[in-house]
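Take a look at the structure set out below.
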Amino acid sequence: MSAPILAISNLSAMSDRDRTPILRDVSLEVERGETRGLVGESGAGKSTIAKAILGILPRTVRVTGGQVRFEGADLLAMPAGPLRRLIGERIALIPQDPMTALNPGRRIEAQLTDGPRLWRGLDARAARTLSLKLLDEVHIRDPERVLRSFPHELSGGMRQRVLIAAAFALEPRLIVADEPTTALDVTVQKQILRLIRNMQSAHGTAVIFVTHNLGVVAQICDNVTLLFGGRVIEAGRTADLLEAPGHPYTRALLEACPRYDRPNAGLRPIPESVIANLRAELARARAPR
Amino acid sequence: MSDDLLVARDVEVAFGAGKSLFGAVKASVKVLQGVSIRIGRAETVGIVGESGSGKTTLGRALLRLVDVTSGEIHFDGQDITRLPETAMRPIRRRMQLIFQDPMASLNPRHTIRSIVLEPMIFHGVASNQADAEARARAIFDRFSLPAACLDRYPHELSGGQRQRVGIARVALLAPDFVLADEIVSGLDVSTQAQALNLLKELSRDLGLSMAFISHDLSVIRAVCDRVYVLRAGRIVEEGPCEEVFASPKDEYTRALLDAIPLPRIDPDWLARTTGAGSAGDMDGAK
């Protein structure tokens with residue numbers, strides 16, 4: 001295997017306000033072209049990891065140890081200017097809510113051409129040609145019209161397609177997809193997942209897929225990292241994790257999912273003992289060695 | 001049918017009819033057309049559909065929160081389609097609504113105590129404050145909500161706790177019918193399982209009738225006896241859950257089912273397309 005594109009090692013962070021740990025010793029790697037699921041319930045730390053990769057950690061989060069290496073460079077140690085350039089050119093985000101991610105007062109054309117003009121130095125005409133090509137690639141039938149539109153004139157699925165086009169505009173090496181389908185209807189979700197997968201294999205991009213939906217993980221991720229309380233609980237190949245979960249929490253989470261194909265199986269609340277054991281593990285890990 | 005608690009017959013709801021500022025006649029948009037549903041006593045019925053299908057409007061029409069343009073709504077044998085608000089009031093306690101977003105539906109300036117106790121006193125379910133308080137404490141205990149929550153404000157609770165407060169508030173009014181509109185869509189699976197199990201328990205113990213609105217067929221399958229599939233304001237399929245899920249007749253139902261990603265390895269899932277597809281998101285701009 002070649003060197004991973006992204007290697008997070010022993011990343012720890014805490015809240016600057018009350019010093020509660022947010023990430024504890026998190027390590028994960030992403031290979032070229034891989035889709036890595038970052039899974040957990042609210043408060044697990046998945047968004048914090050995504051923000052650390054994108055260089056947008058809020059000031060209230062203090063990194064207390066570890067590294068985030070992207071193509072060998074330690075993002076946490078880089079000065080702001082080069083960091084911004086590196087992330088701008090090589091890492092892209094597909095955000096959760098396509099309505100808030102797009103500026104409601106600017107036409108799609110202006111928003112799609114921003115990146116290529118800024119980071120690739122394209123002129124308006126070249127950036128426009130690139131945008132039309134990208135919109136076509138994400139199966140938007142009337143790209144000219146969409147370029148002229150404002151975000152509110154597009155449906156949720158269309159907006160998400162525009163954002164996927166924007167994410168691939170600079171041929172990034174890594175895309176962070178932060179719950180990109182949570183706000184969508186299931187049929188649209190499926191189209192968007194398929195689109196991300198197709199774009200990714202066409203461009204050879206690695207994807208970190210942040211989600212709480214184990215069904216989505218099963219269908220799109222090669223590998224998974226499951227988090228709880230800012231700590232990696234289990235990581236491995238998606239098939240292994242789903243078919244032979246190694247940790248009681250993984251098993252409990254799978255059994256809590258409602259499933260139309262097995263109406264009597266799902267919906268088991270996570271046993272309190274499982275959560276209590278997890279908390280005890282976290283407390284032990286926090287104690288000084 | 002005497003064993004049905006709530007019946008909607010051939011309901012049509014249209015919005016936006018009338019004249020514009022300058023007198024031009026505006027065409028109305030029909031949100032529901034020819035919709036008939038029935039909810040039996042102690043039965044839980046699912047209403048599923050995508051955004052824009054009219055499922056939320058149907059729920060609101062059942063509760064008389066929007067007026068129907070034509071058709072009838074009967075509750076417990078009584079025609080309530082055009083019942084004036086004063087006559088509706090005693091019925092209101094008996095039909096309750098659990099909201100989608102508990103953060104938006106619980107008044108942020110009120111303590112959980114007043115949010116939970118006031119409706120009981122308003123509807124005369126509890127004879128006095130002490131009685132209401134005792135009932136609230138009992139149900140909080142059953143819902144694993146600490147009694148200390150009563151003194152908190154909504155923002156101080158977790159999402160799962162807020163959702164349980166929403167359910168507790170409704171359960172305390174001892175309604176006959178509860179409408180649950182997408183109540184678990186924003187929750188983690190563990191809290192979702194907890195909330196759904198509570199609802200199932202309640203409907204069994206209190207003999208509640210429920211309408212459960214959701215876009216998630218897995219959730220519907222887990223809690224409902226029968227299901228109605230709504231598309232663009234019309235019902236395209238209905239039937240007992242076992243039947244509809246085992247052999248969906250309508251192409252749209254099949255597409256909805258096939259679009260649900262299940263937590264199991266299915267290498268073909270992503271590439272598989274069902275005929276009906278979605279409500280047409282592949283089109284150009286709206």
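In the structure tokens, chains take letters A, B, ... by order of appearance, with residues numbered from 1 within each chain and ligands from 1 in the order shown.
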I need the chain B residues near chain A as a ChimeraX atom specification; criterion: at most 6 Å, counting only C-alpha atoms. /B:50,188-190,193-194,218-219,221-222,259,261-265,270,278,284-286
Run DSSP on the backbone and give me the residues of range 79-169 of chain B it puts in strand (DSSP E), as a list of chain:residue names. B:Asp79, B:Met95, B:Gln96, B:Leu97, B:Ile98
Give me, as a count of residues only, all polymer residues having an atom no more than 10 Å from Glu238 in chain B, counting only C-alpha atoms and skipping those fewer than 4 positions away in the same chain. 14
Hey, what's within 9 Å of range 199-210 of chain A if we count only C-alpha atoms and toss same-chain stuff fewer than 3 positions away? As a PyMOL selection string, please? chain A and resi 5+30-40+46-47+50+137-138+164+168+171-180+194-196+217+220-221
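Across A:Val162, A:Leu54, A:Val63, A:Val26, the tightest approach to Lys133 in chain A is made by A:Val162 when counting only C-alpha atoms.
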Which of these, B:Gly59, B:Gly71, B:Gly16, B:Gly166, has the shortest distance to Ser105 in chain B once you count only C-alpha atoms? B:Gly166
